[in-house]
file start_8.txt (compact mmCIF, C-alpha atoms and all ligand atoms)
# COMPACT_ATOMS: atom_id res chain seq x y z
CA MET A 1410 75.36 -59.42 88.66
CA THR A 1411 73.82 -62.20 90.70
CA ASP A 1412 76.88 -62.50 92.95
CA ILE A 1413 76.56 -58.81 93.86
CA VAL A 1414 72.82 -59.07 94.54
CA SER A 1415 73.26 -62.18 96.67
CA ASP A 1416 75.99 -60.25 98.46
CA ASN A 1417 73.39 -57.68 99.37
CA THR A 1418 75.42 -54.72 98.11
CA ILE A 1419 72.68 -53.45 95.81
CA ALA A 1420 69.05 -54.41 95.24
CA ASN A 1421 67.49 -51.99 92.73
CA GLU A 1422 68.70 -53.37 89.37
CA MET A 1423 66.76 -50.78 87.33
CA LEU A 1424 68.61 -47.99 89.11
CA HIS A 1425 72.07 -49.45 88.59
CA GLU A 1426 71.42 -50.64 85.02
CA THR A 1427 70.26 -47.12 84.10
CA ILE A 1428 73.25 -45.35 85.60
CA GLU A 1429 75.67 -47.88 84.07
CA TYR A 1430 73.97 -47.78 80.66
CA PRO A 1431 76.00 -44.98 78.94
CA TRP A 1432 79.33 -46.59 79.81
CA LYS A 1433 78.22 -50.05 78.73
CA ARG A 1434 76.76 -48.74 75.45
CA CYS A 1435 79.43 -46.14 74.61
CA PHE A 1436 82.55 -47.60 76.18
CA VAL A 1437 84.46 -47.49 72.89
CA ALA A 1438 83.27 -43.96 72.06
CA PHE A 1439 84.48 -42.70 75.44
CA LEU A 1440 87.98 -43.88 74.56
CA ARG A 1441 88.17 -43.39 70.79
CA LYS A 1442 90.65 -40.64 69.90
CA SER A 1443 88.49 -39.25 67.11
CA ALA A 1444 85.45 -39.11 69.45
CA LEU A 1445 87.49 -37.28 72.09
CA THR A 1446 88.78 -34.79 69.52
CA GLU A 1447 85.22 -34.26 68.31
CA MET A 1448 84.09 -33.68 71.91
CA VAL A 1449 86.71 -31.01 72.47
CA GLU A 1450 86.19 -29.33 69.12
CA ALA A 1451 82.38 -29.38 69.36
CA ASN A 1452 82.47 -26.76 72.08
CA TYR A 1453 80.70 -28.74 74.81
CA GLN A 1454 81.00 -27.30 78.30
CA PHE A 1455 82.83 -29.82 80.52
CA SER A 1456 83.21 -27.88 83.77
CA THR A 1457 80.59 -25.58 85.22
CA GLU A 1458 82.92 -23.95 87.79
CA LEU A 1459 85.66 -23.07 85.30
CA PRO A 1460 84.37 -23.43 81.74
CA GLY A 1461 87.19 -23.69 79.24
CA PHE A 1462 89.78 -25.11 81.66
CA VAL A 1463 89.65 -28.70 80.34
CA ARG A 1464 89.71 -27.50 76.73
CA LYS A 1465 92.63 -25.15 77.43
CA HIS A 1466 94.76 -28.01 78.78
CA TRP A 1467 93.40 -30.92 76.72
CA ASP A 1468 96.41 -31.02 74.36
CA LYS A 1469 98.73 -31.44 77.36
CA VAL A 1470 96.78 -34.21 79.10
CA LYS A 1471 95.13 -36.14 76.27
CA LYS A 1472 98.20 -38.32 75.67
CA LEU A 1473 98.48 -39.05 79.40
CA THR A 1474 94.95 -40.18 80.22
CA LEU A 1475 92.15 -42.67 79.75
CA VAL A 1476 89.65 -40.18 81.15
CA ASP A 1477 87.39 -38.24 78.78
CA PRO A 1478 86.82 -34.46 78.96
CA PHE A 1479 83.37 -34.84 80.59
CA ARG A 1480 84.77 -36.76 83.58
CA MET A 1481 87.74 -34.37 83.67
CA GLY A 1482 85.26 -31.49 83.91
CA LYS A 1483 83.62 -33.05 86.96
CA ILE A 1484 87.03 -33.46 88.60
CA VAL A 1485 87.73 -29.77 87.95
CA ASP A 1486 84.38 -28.79 89.50
CA LEU A 1487 85.01 -30.87 92.62
CA VAL A 1488 88.58 -29.59 93.11
CA ILE A 1489 87.17 -26.04 92.98
CA ARG A 1490 84.21 -26.81 95.26
CA THR A 1491 86.51 -28.33 97.90
CA LYS A 1492 89.27 -25.71 97.68
CA ASP A 1493 88.54 -24.49 101.22
CA ILE A 1494 88.11 -27.96 102.74
CA PRO A 1495 91.18 -28.83 104.82
CA GLY A 1496 93.55 -31.37 103.35
CA ASP A 1497 95.40 -32.51 100.26
CA ILE A 1498 94.43 -34.57 97.23
CA LEU A 1499 95.11 -38.30 96.96
CA GLU A 1500 94.76 -40.25 93.73
CA PHE A 1501 94.86 -44.04 93.53
CA GLY A 1502 95.52 -45.13 89.96
CA SER A 1503 97.48 -42.48 88.08
CA TYR A 1504 98.65 -44.39 84.99
CA LYS A 1505 100.46 -41.84 82.75
CA GLY A 1506 99.30 -39.00 85.00
CA GLY A 1507 96.56 -37.25 83.00
CA THR A 1508 94.06 -36.64 85.81
CA GLY A 1509 96.82 -35.87 88.32
CA ILE A 1510 98.52 -33.34 86.02
CA LEU A 1511 95.21 -31.61 85.23
CA MET A 1512 94.49 -31.29 88.98
CA GLY A 1513 98.03 -29.95 89.48
CA LEU A 1514 97.57 -27.32 86.74
CA LEU A 1515 94.27 -26.34 88.35
CA LEU A 1516 95.75 -25.94 91.85
CA LYS A 1517 98.47 -23.77 90.30
CA GLU A 1518 95.88 -21.60 88.53
CA LEU A 1519 93.85 -21.30 91.76
CA GLY A 1520 96.99 -20.34 93.74
CA SER A 1521 96.15 -23.13 96.20
CA ASP A 1522 98.77 -24.51 98.59
CA LYS A 1523 97.25 -28.00 98.51
CA LYS A 1524 99.46 -30.91 97.48
CA ILE A 1525 98.66 -33.91 95.30
CA HIS A 1526 99.85 -37.46 96.00
CA LEU A 1527 99.68 -39.88 93.07
CA PHE A 1528 99.82 -43.61 93.86
CA ASP A 1529 100.49 -46.28 91.24
CA SER A 1530 102.35 -49.56 90.77
CA PHE A 1531 103.44 -48.36 87.30
CA GLU A 1532 103.19 -52.10 86.53
CA GLY A 1533 99.54 -51.94 85.57
CA LEU A 1534 96.70 -53.74 87.30
CA PRO A 1535 97.28 -56.63 89.70
CA ASP A 1536 95.46 -59.92 89.12
CA PRO A 1537 91.71 -59.22 89.16
CA ASP A 1538 89.53 -61.35 91.44
CA THR A 1539 87.35 -62.96 88.79
CA THR A 1540 84.48 -63.45 91.26
CA LYS A 1541 84.30 -59.70 91.86
CA ASP A 1542 85.83 -57.89 88.87
CA LYS A 1543 84.67 -58.01 85.29
CA GLY A 1544 86.38 -56.64 82.19
CA TYR A 1545 89.95 -56.12 83.43
CA ARG A 1546 93.21 -58.07 83.13
CA LYS A 1547 96.52 -58.29 84.95
CA GLY A 1548 99.17 -55.85 83.67
CA GLN A 1549 96.61 -53.62 81.92
CA PHE A 1550 97.49 -49.89 82.03
CA ARG A 1551 101.22 -50.35 82.61
CA SER A 1552 103.00 -46.98 82.66
CA ASN A 1553 106.39 -45.47 83.41
CA TYR A 1554 107.41 -43.73 86.63
CA ASP A 1555 110.33 -41.77 85.11
CA LYS A 1556 108.23 -40.49 82.22
CA LEU A 1557 105.54 -39.26 84.59
CA GLN A 1558 108.12 -37.60 86.83
CA ALA A 1559 109.47 -35.84 83.70
CA GLU A 1560 105.96 -34.61 82.83
CA VAL A 1561 105.51 -33.27 86.37
CA GLU A 1562 108.80 -31.37 85.97
CA GLN A 1563 107.94 -30.14 82.46
CA TYR A 1564 104.74 -28.51 83.72
CA GLY A 1565 106.44 -26.97 86.76
CA LEU A 1566 104.43 -29.07 89.22
CA THR A 1567 107.18 -30.60 91.38
CA ASP A 1568 106.16 -28.46 94.37
CA ILE A 1569 102.60 -29.74 94.07
CA ILE A 1570 102.76 -33.37 92.90
CA THR A 1571 104.53 -36.30 94.60
CA LEU A 1572 104.57 -39.78 93.06
CA HIS A 1573 104.31 -42.91 95.22
CA ARG A 1574 105.46 -45.96 93.33
CA GLY A 1575 104.37 -49.48 94.35
CA TRP A 1576 101.35 -51.63 95.19
CA PHE A 1577 98.87 -49.80 97.40
CA SER A 1578 99.18 -52.60 99.94
CA ASP A 1579 102.84 -51.54 100.38
CA THR A 1580 102.61 -47.76 99.97
CA VAL A 1581 99.42 -46.55 101.68
CA GLU A 1582 100.09 -47.38 105.33
CA PRO A 1583 103.69 -46.05 105.27
CA PHE A 1584 102.47 -42.82 103.62
CA ILE A 1585 99.81 -42.34 106.31
CA ALA A 1586 102.29 -43.04 109.11
CA ALA A 1587 105.02 -40.81 107.63
CA ASN A 1588 102.58 -37.90 107.29
CA ASN A 1589 100.89 -38.31 110.70
CA SER A 1590 97.47 -39.26 109.30
CA PRO A 1591 97.21 -36.28 106.91
CA LYS A 1592 93.91 -34.57 106.17
CA VAL A 1593 92.42 -35.17 102.73
CA SER A 1594 90.01 -32.96 100.76
CA ILE A 1595 89.73 -35.10 97.62
CA LEU A 1596 90.16 -38.82 97.12
CA HIS A 1597 90.23 -39.82 93.46
CA LEU A 1598 89.79 -43.57 93.15
CA ASP A 1599 90.73 -44.72 89.65
CA CYS A 1600 92.14 -48.20 90.22
CA ASP A 1601 89.36 -50.25 88.57
CA LEU A 1602 89.36 -53.33 90.80
CA TYR A 1603 87.62 -54.56 93.94
CA THR A 1604 90.87 -55.66 95.59
CA SER A 1605 92.76 -52.50 94.66
CA THR A 1606 89.95 -50.36 96.10
CA MET A 1607 90.08 -52.47 99.26
CA ASP A 1608 93.83 -51.76 99.48
CA CYS A 1609 93.35 -47.96 99.63
CA PHE A 1610 89.80 -46.85 100.43
CA PRO A 1611 89.29 -48.22 103.98
CA GLN A 1612 92.68 -46.83 105.02
CA THR A 1613 92.21 -43.33 103.56
CA TYR A 1614 88.47 -42.70 103.98
CA PRO A 1615 88.89 -41.78 107.68
CA LEU A 1616 91.41 -39.08 106.64
CA ILE A 1617 88.89 -37.18 104.51
CA SER A 1618 87.62 -33.97 106.05
CA GLU A 1619 83.91 -33.38 106.47
CA GLY A 1620 82.71 -31.96 103.14
CA GLY A 1621 85.59 -33.54 101.20
CA ALA A 1622 84.83 -35.31 97.91
CA ILE A 1623 85.35 -38.93 96.98
CA ILE A 1624 85.48 -39.29 93.18
CA LEU A 1625 84.87 -42.82 91.95
CA ASP A 1626 86.00 -43.19 88.36
CA ASP A 1627 84.84 -46.79 87.92
CA PHE A 1628 81.66 -46.81 89.99
CA ASN A 1629 79.36 -47.27 86.98
CA ASP A 1630 81.63 -49.32 84.70
CA GLY A 1631 79.29 -52.30 84.91
CA GLY A 1632 82.01 -54.50 86.45
CA ARG A 1633 80.84 -53.38 89.89
CA GLY A 1634 84.15 -54.18 91.63
CA GLU A 1635 84.73 -50.61 92.81
CA LYS A 1636 81.04 -50.14 93.68
CA ARG A 1637 81.02 -53.32 95.73
CA ALA A 1638 84.24 -52.48 97.58
CA VAL A 1639 83.16 -48.92 98.44
CA ILE A 1640 79.72 -49.97 99.69
CA GLU A 1641 81.16 -52.83 101.74
CA CYS A 1642 83.69 -50.48 103.37
CA LEU A 1643 81.10 -47.81 104.17
CA ARG A 1644 78.85 -50.45 105.69
CA ALA A 1645 81.70 -51.79 107.82
CA LEU A 1646 82.17 -48.22 109.10
CA GLU A 1647 78.40 -47.97 109.71
CA SER A 1648 78.40 -45.05 107.30
CA THR A 1649 76.19 -44.22 104.34
CA ALA A 1650 76.64 -42.07 101.22
CA CYS A 1651 74.72 -40.33 98.49
CA PHE A 1652 76.43 -41.27 95.22
CA VAL A 1653 75.96 -38.60 92.58
CA ALA A 1654 75.97 -40.06 89.07
CA CYS A 1655 78.31 -38.28 86.63
CA PRO A 1656 79.18 -38.74 82.96
CA GLY A 1657 80.23 -42.23 81.91
CA SER A 1658 81.48 -44.55 84.62
CA GLN A 1659 82.06 -41.82 87.19
CA SER A 1660 80.19 -40.98 90.42
CA TYR A 1661 81.14 -38.95 93.46
CA PHE A 1662 79.96 -38.39 97.00
CA ILE A 1663 80.60 -35.78 99.63
CA LYS A 1664 81.63 -37.12 103.00
CA ASN A 1665 78.79 -36.99 105.53
CA GLN A 1666 76.46 -35.07 103.21
CA ALA A 1667 72.82 -36.04 103.73
CA PRO A 1668 70.85 -37.05 100.63
CA ASP A 1669 68.36 -34.53 99.27
CA GLU A 1670 64.69 -35.24 98.62
CA PHE A 1671 65.35 -36.46 95.05
CA ALA A 1672 67.92 -39.10 96.01
CA ILE A 1673 66.90 -42.70 95.40
CA GLN A 1674 67.48 -45.10 98.27
CA ASP A 1675 68.79 -48.58 97.57
CA LEU A 1676 69.29 -50.63 100.75
CA ASP A 1677 71.42 -48.44 103.05
CA MET A 1678 72.86 -46.16 100.30
CA TYR A 1679 71.46 -43.27 98.22
CA TYR A 1680 71.88 -42.42 94.54
CA ASP A 1681 71.34 -39.05 92.90
CA VAL A 1682 70.72 -38.77 89.15
CA VAL A 1683 69.43 -35.18 89.10
CA GLU A 1684 72.87 -33.68 88.32
CA LEU A 1685 73.22 -36.10 85.41
CA ALA A 1686 69.70 -35.35 84.17
CA SER A 1687 70.57 -31.65 84.05
CA ASN A 1688 73.98 -32.12 82.38
CA GLU A 1689 72.82 -30.93 78.97
CA PRO A 1690 76.20 -31.08 77.18
CA PHE A 1691 76.74 -34.70 78.24
CA LEU A 1692 73.17 -35.73 77.38
CA THR A 1693 73.53 -34.14 73.95
CA TRP A 1694 76.73 -36.07 73.31
CA ILE A 1695 75.35 -39.35 74.63
CA GLU A 1696 72.20 -39.01 72.52
CA LYS A 1697 74.35 -38.60 69.45
CA ASP A 1698 76.24 -41.80 70.26
CA ILE A 1699 73.49 -44.01 71.67
CA GLU A 1700 70.85 -42.60 69.36
CA GLU A 1701 68.34 -42.73 72.19
CA ASP A 1702 66.99 -40.16 74.56
CA TYR A 1703 68.86 -40.95 77.77
CA LEU A 1704 67.04 -38.17 79.61
CA VAL A 1705 63.78 -40.10 79.10
CA LYS A 1706 65.38 -43.11 80.84
CA LEU A 1707 66.55 -40.92 83.73
CA GLU A 1708 63.13 -39.35 84.08
CA ALA A 1709 61.48 -42.77 84.07
CA LEU A 1710 63.88 -43.85 86.80
CA LEU A 1711 63.02 -40.81 88.91
CA ALA A 1712 59.29 -41.34 88.38
CA ALA A 1713 59.53 -45.02 89.29
CA ASN A 1714 61.36 -44.19 92.51
CA LYS A 1715 59.31 -41.22 93.71
C1 LIG B 1801 92.65 -46.76 84.72
S1 LIG B 1801 94.28 -46.50 85.22
C2 LIG B 1801 94.26 -44.85 85.89
C3 LIG B 1801 93.93 -43.79 84.87
C4 LIG B 1801 94.42 -42.39 85.15
N1 LIG B 1801 93.85 -41.79 86.33
C5 LIG B 1801 94.25 -41.49 83.95
O1 LIG B 1801 94.23 -40.25 84.09
O2 LIG B 1801 94.17 -42.01 82.84
C6 LIG B 1801 94.39 -47.51 86.65
C7 LIG B 1801 95.75 -47.51 87.30
O3 LIG B 1801 95.64 -48.10 88.59
C8 LIG B 1801 96.86 -48.74 88.91
N2 LIG B 1801 96.57 -49.74 89.96
C9 LIG B 1801 95.46 -50.53 90.04
N3 LIG B 1801 95.52 -51.28 91.14
C10 LIG B 1801 96.66 -50.98 91.80
C11 LIG B 1801 97.24 -51.40 93.02
N4 LIG B 1801 96.65 -52.33 93.78
N5 LIG B 1801 98.41 -50.85 93.41
C12 LIG B 1801 99.02 -49.90 92.62
N6 LIG B 1801 98.50 -49.45 91.45
C13 LIG B 1801 97.34 -49.98 91.03
C14 LIG B 1801 97.32 -49.33 87.58
O4 LIG B 1801 98.70 -49.51 87.54
C15 LIG B 1801 96.83 -48.28 86.57
O5 LIG B 1801 97.85 -47.39 86.23
call {"tool": "encode", "arguments": {"input": "start_8.txt", "output": "structure tokens", "more": "lines below"}}
Ligand SMILES: C[S@@+](CC[C@H](N)C(=O)[O-])C[C@H]1O[C@@H](n2cnc3c(N)ncnc32)[C@H](O)[C@@H]1O
result
Amino acid sequence: MTDIVSDNTIANEMLHETIEYPWKRCFVAFLRKSALTEMVEANYQFSTELPGFVRKHWDKVKKLTLVDPFRMGKIVDLVIRTKDIPGDILEFGSYKGGTGILMGLLLKELGSDKKIHLFDSFEGLPDPDTTKDKGYRKGQFRSNYDKLQAEVEQYGLTDIITLHRGWFSDTVEPFIAANNSPKVSILHLDCDLYTSTMDCFPQTYPLISEGGAIILDDFNDGGRGEKRAVIECLRALESTACFVACPGSQSYFIKNQAPDEFAIQDLDMYYDVVELASNEPFLTWIEKDIEEDYLVKLEALLAANK
């Protein structure tokens, strides 16, 4: 943590410790198959915009993803909320394709003509920078291009989803050039590492339309590589953001959206925990697993930062 603080990326430790707490405490539960099955069978609501969508497709995507139904639900909500924002969807870090396929099934159900571009090495993670990334190793999350292409075909999504195989440092710039700097409505960053984020976020952030969503799967994973990279890039662009905390490690922000009165300022960025504090299904689940009242922690955080 000290390296990040001395780097001046964040200052308010209480804020970040609180938002990162569920992932640090429940990391295993978020991934355990039996816990995920319990989540789906317990009838929690994962998406507010389209309740039931994640549950309906969970059997298709569960074998293809590391992302739990709560985070999936937030992705569903943001795809729906940005359906009229110009541009397509880009995902960096697709692994076996779970989040990408779910977004594809959703676009199909919505009758949207948006496209989805999935970027991955299919060789797993590159070498983490040990001074900036914690908890990851080279080669982790290796997957298979042909198998994912077959899944895309099986679900009738070839008109919607295109796979881009290779390291971001080799694929992003050619993609942007070949598509004449395409507009983007959703950027889903799920590539875990500081360096990987640096290889895709600065290049694609300018393509996002006003009102588009940036979903950060690893923002609150405690490793702080993605958080550090995103904040550094925004600062370099003389931009700010209001990061909305979501279930687990996930946060999102809307491009150029001003923070509301409840947002907590930390240095030049803003953080919103109100959505999390009102996510009753997630708080119920987390309480069961942490055996503590997480809402009390969130309320203390809000009170301390009034
Ligand atoms: C956590 S997984 C993605 C999970 C996925 N979204 C899901 O639904 O489960 C992270 C992925 O990012 C990819 N990745 C990370 N850094 C990369 C880079 N610099 N270039 C290409 N792929 C990268 C890895 O290969 C891995 O598949």
call {"tool": "residues_around", "arguments": {"input": "start_8.txt", "residues": "A:Leu1643", "least_positions_apart": "5", "cutoff": "10 Å", "atoms": "only C-alpha atoms", "output": "list in words"}}
result
Phe1610, Pro1611, Tyr1614, Ala1638, Ser1648, Thr1649, Ala1650, Asp1677 and Met1678 of chain A
call {"tool": "residues_around", "arguments": {"input": "start_8.txt", "residues": "A:Met1607", "least_positions_apart": "6", "cutoff": "9 Å", "atoms": "all atoms listed in the file", "output": "list in words"}}
result
Glu1635, Ala1638, Val1639 and Cys1642 of chain A
call {"tool": "closest_atom_pairs", "arguments": {"input": "start_8.txt", "of": "chain A", "to": "ligand LIG 1801 (chain B)", "cutoff": "6 Å", "atoms": "only C-alpha atoms and all ligand atoms", "output": "CSV"}}
result
residue,atom,partner,partner_atom,distance
A:Thr1474,CA,B:LIG1801,O2,3.3
A:Leu1475,CA,B:LIG1801,O2,3.8
A:Val1476,CA,B:LIG1801,O2,5.2
A:Gly1502,CA,B:LIG1801,O3,3.3
A:Ser1503,CA,B:LIG1801,N1,4.1
A:Tyr1504,CA,B:LIG1801,O5,3.3
A:Gly1506,CA,B:LIG1801,O1,5.3
A:Gly1507,CA,B:LIG1801,O1,4.0
A:Thr1508,CA,B:LIG1801,O1,4.0
A:Asp1529,CA,B:LIG1801,N6,3.7
A:Ser1530,CA,B:LIG1801,C12,3.8
A:Phe1531,CA,B:LIG1801,O4,4.9
A:Glu1532,CA,B:LIG1801,O4,5.3
A:Gly1533,CA,B:LIG1801,O4,3.2
A:Leu1534,CA,B:LIG1801,C9,4.4
A:Pro1535,CA,B:LIG1801,N3,5.8
A:Phe1550,CA,B:LIG1801,C15,4.9
A:Arg1551,CA,B:LIG1801,O4,5.6
A:Gly1575,CA,B:LIG1801,C12,5.6
A:Trp1576,CA,B:LIG1801,N5,3.5
A:Phe1577,CA,B:LIG1801,N5,4.2
A:Asp1599,CA,B:LIG1801,C2,5.2
A:Cys1600,CA,B:LIG1801,O3,3.9
A:Ser1605,CA,B:LIG1801,N4,4.0
call {"tool": "closest_atom_pairs", "arguments": {"input": "start_8.txt", "of": "stretch 1414-1516 of chain A", "to": "stretch 1695-1700 of chain A", "cutoff": "10 Å", "atoms": "all atoms listed in the file", "output": "JSON lines"}}
result
{"residue": "A:Tyr1430", "atom": "CA", "partner": "A:Ile1699", "partner_atom": "CA", "distance": 9.8}
{"residue": "A:Pro1431", "atom": "CA", "partner": "A:Ile1695", "partner_atom": "CA", "distance": 7.1}
{"residue": "A:Trp1432", "atom": "CA", "partner": "A:Ile1695", "partner_atom": "CA", "distance": 9.8}
{"residue": "A:Arg1434", "atom": "CA", "partner": "A:Ile1699", "partner_atom": "CA", "distance": 6.9}
{"residue": "A:Cys1435", "atom": "CA", "partner": "A:Asp1698", "partner_atom": "CA", "distance": 6.9}
{"residue": "A:Ala1438", "atom": "CA", "partner": "A:Asp1698", "partner_atom": "CA", "distance": 7.6}
{"residue": "A:Phe1439", "atom": "CA", "partner": "A:Ile1695", "partner_atom": "CA", "distance": 9.8}
{"residue": "A:Ala1444", "atom": "CA", "partner": "A:Asp1698", "partner_atom": "CA", "distance": 9.6}
call {"tool": "atom_distance", "arguments": {"input": "start_8.txt", "atom1": "atom CA of A:Lys1505", "atom2": "atom CA of A:Leu1473"}}
result
4.8 Å
call {"tool": "decode", "arguments": {"input": "start_8.txt", "residues": "stretch 1513-1592 of chain A", "atoms": "C-alpha atoms", "output": "short mmCIF file (atom, residue, chain, number, x, y, z; two decimals), in the first residue's frame"}}
result
data_model
loop_
_atom_site.label_atom_id
_atom_site.label_comp_id
_atom_site.auth_asym_id
_atom_site.auth_seq_id
_atom_site.Cartn_x
_atom_site.Cartn_y
_atom_site.Cartn_z
CA GLY A 1513 -23.79 -10.74 -26.50
CA LEU A 1514 -26.93 -12.61 -25.38
CA LEU A 1515 -28.21 -9.37 -23.85
CA LEU A 1516 -27.64 -7.31 -27.02
CA LYS A 1517 -29.49 -10.02 -28.95
CA GLU A 1518 -32.42 -9.92 -26.50
CA LEU A 1519 -32.49 -6.09 -26.69
CA GLY A 1520 -32.43 -6.19 -30.52
CA SER A 1521 -29.44 -3.83 -30.42
CA ASP A 1522 -27.15 -3.41 -33.43
CA LYS A 1523 -24.10 -2.77 -31.23
CA LYS A 1524 -21.06 -5.01 -31.66
CA ILE A 1525 -18.74 -6.50 -29.05
CA HIS A 1526 -14.97 -6.77 -29.44
CA LEU A 1527 -13.22 -9.19 -27.08
CA PHE A 1528 -9.46 -8.80 -26.62
CA ASP A 1529 -7.25 -11.46 -25.03
CA SER A 1530 -3.82 -13.06 -25.40
CA PHE A 1531 -5.42 -16.47 -24.74
CA GLU A 1532 -2.02 -17.14 -23.12
CA GLY A 1533 -3.07 -15.87 -19.73
CA LEU A 1534 -1.56 -12.92 -17.89
CA PRO A 1535 1.79 -11.41 -18.87
CA ASP A 1536 4.49 -11.01 -16.22
CA PRO A 1537 3.09 -8.82 -13.42
CA ASP A 1538 5.14 -5.81 -12.33
CA THR A 1539 5.77 -6.84 -8.73
CA THR A 1540 6.14 -3.21 -7.62
CA LYS A 1541 2.62 -2.43 -8.80
CA ASP A 1542 0.61 -5.68 -8.91
CA LYS A 1543 -0.18 -7.97 -6.03
CA GLY A 1544 -1.75 -11.43 -6.11
CA TYR A 1545 -1.33 -12.40 -9.78
CA ARG A 1546 1.13 -14.58 -11.71
CA LYS A 1547 2.33 -14.96 -15.27
CA GLY A 1548 0.26 -17.40 -17.36
CA GLN A 1549 -2.72 -17.29 -14.98
CA PHE A 1550 -6.12 -17.53 -16.74
CA ARG A 1551 -4.83 -19.17 -19.92
CA SER A 1552 -7.72 -19.98 -22.27
CA ASN A 1553 -8.36 -21.21 -25.79
CA TYR A 1554 -9.23 -19.05 -28.80
CA ASP A 1555 -10.84 -21.86 -30.85
CA LYS A 1556 -13.02 -22.99 -27.97
CA LEU A 1557 -14.29 -19.46 -27.41
CA GLN A 1558 -14.95 -18.99 -31.12
CA ALA A 1559 -16.97 -22.25 -31.00
CA GLU A 1560 -19.02 -20.93 -28.04
CA VAL A 1561 -19.72 -17.70 -29.94
CA GLU A 1562 -20.98 -19.79 -32.87
CA GLN A 1563 -22.99 -22.14 -30.63
CA TYR A 1564 -24.96 -19.22 -29.18
CA GLY A 1565 -25.53 -17.60 -32.58
CA LEU A 1566 -23.43 -14.54 -31.73
CA THR A 1567 -21.02 -14.39 -34.67
CA ASP A 1568 -22.70 -11.24 -36.03
CA ILE A 1569 -22.22 -9.54 -32.68
CA ILE A 1570 -18.92 -10.77 -31.20
CA THR A 1571 -15.43 -10.51 -32.74
CA LEU A 1572 -12.37 -11.97 -31.02
CA HIS A 1573 -9.00 -10.18 -31.14
CA ARG A 1574 -6.20 -12.54 -30.23
CA GLY A 1575 -2.82 -11.25 -28.96
CA TRP A 1576 -1.19 -8.95 -26.40
CA PHE A 1577 -3.02 -5.64 -26.09
CA SER A 1578 0.22 -3.86 -26.95
CA ASP A 1579 -0.01 -5.52 -30.40
CA THR A 1580 -3.76 -5.54 -31.01
CA VAL A 1581 -5.22 -2.28 -29.69
CA GLU A 1582 -3.60 0.31 -31.96
CA PRO A 1583 -4.19 -1.71 -35.17
CA PHE A 1584 -7.85 -2.22 -34.17
CA ILE A 1585 -8.32 1.51 -33.61
CA ALA A 1586 -6.64 2.39 -36.91
CA ALA A 1587 -8.53 -0.27 -38.90
CA ASN A 1588 -11.87 0.97 -37.54
CA ASN A 1589 -11.16 4.71 -37.90
CA SER A 1590 -11.18 5.44 -34.16
CA PRO A 1591 -14.55 3.77 -33.47
CA LYS A 1592 -16.98 5.11 -30.89
#
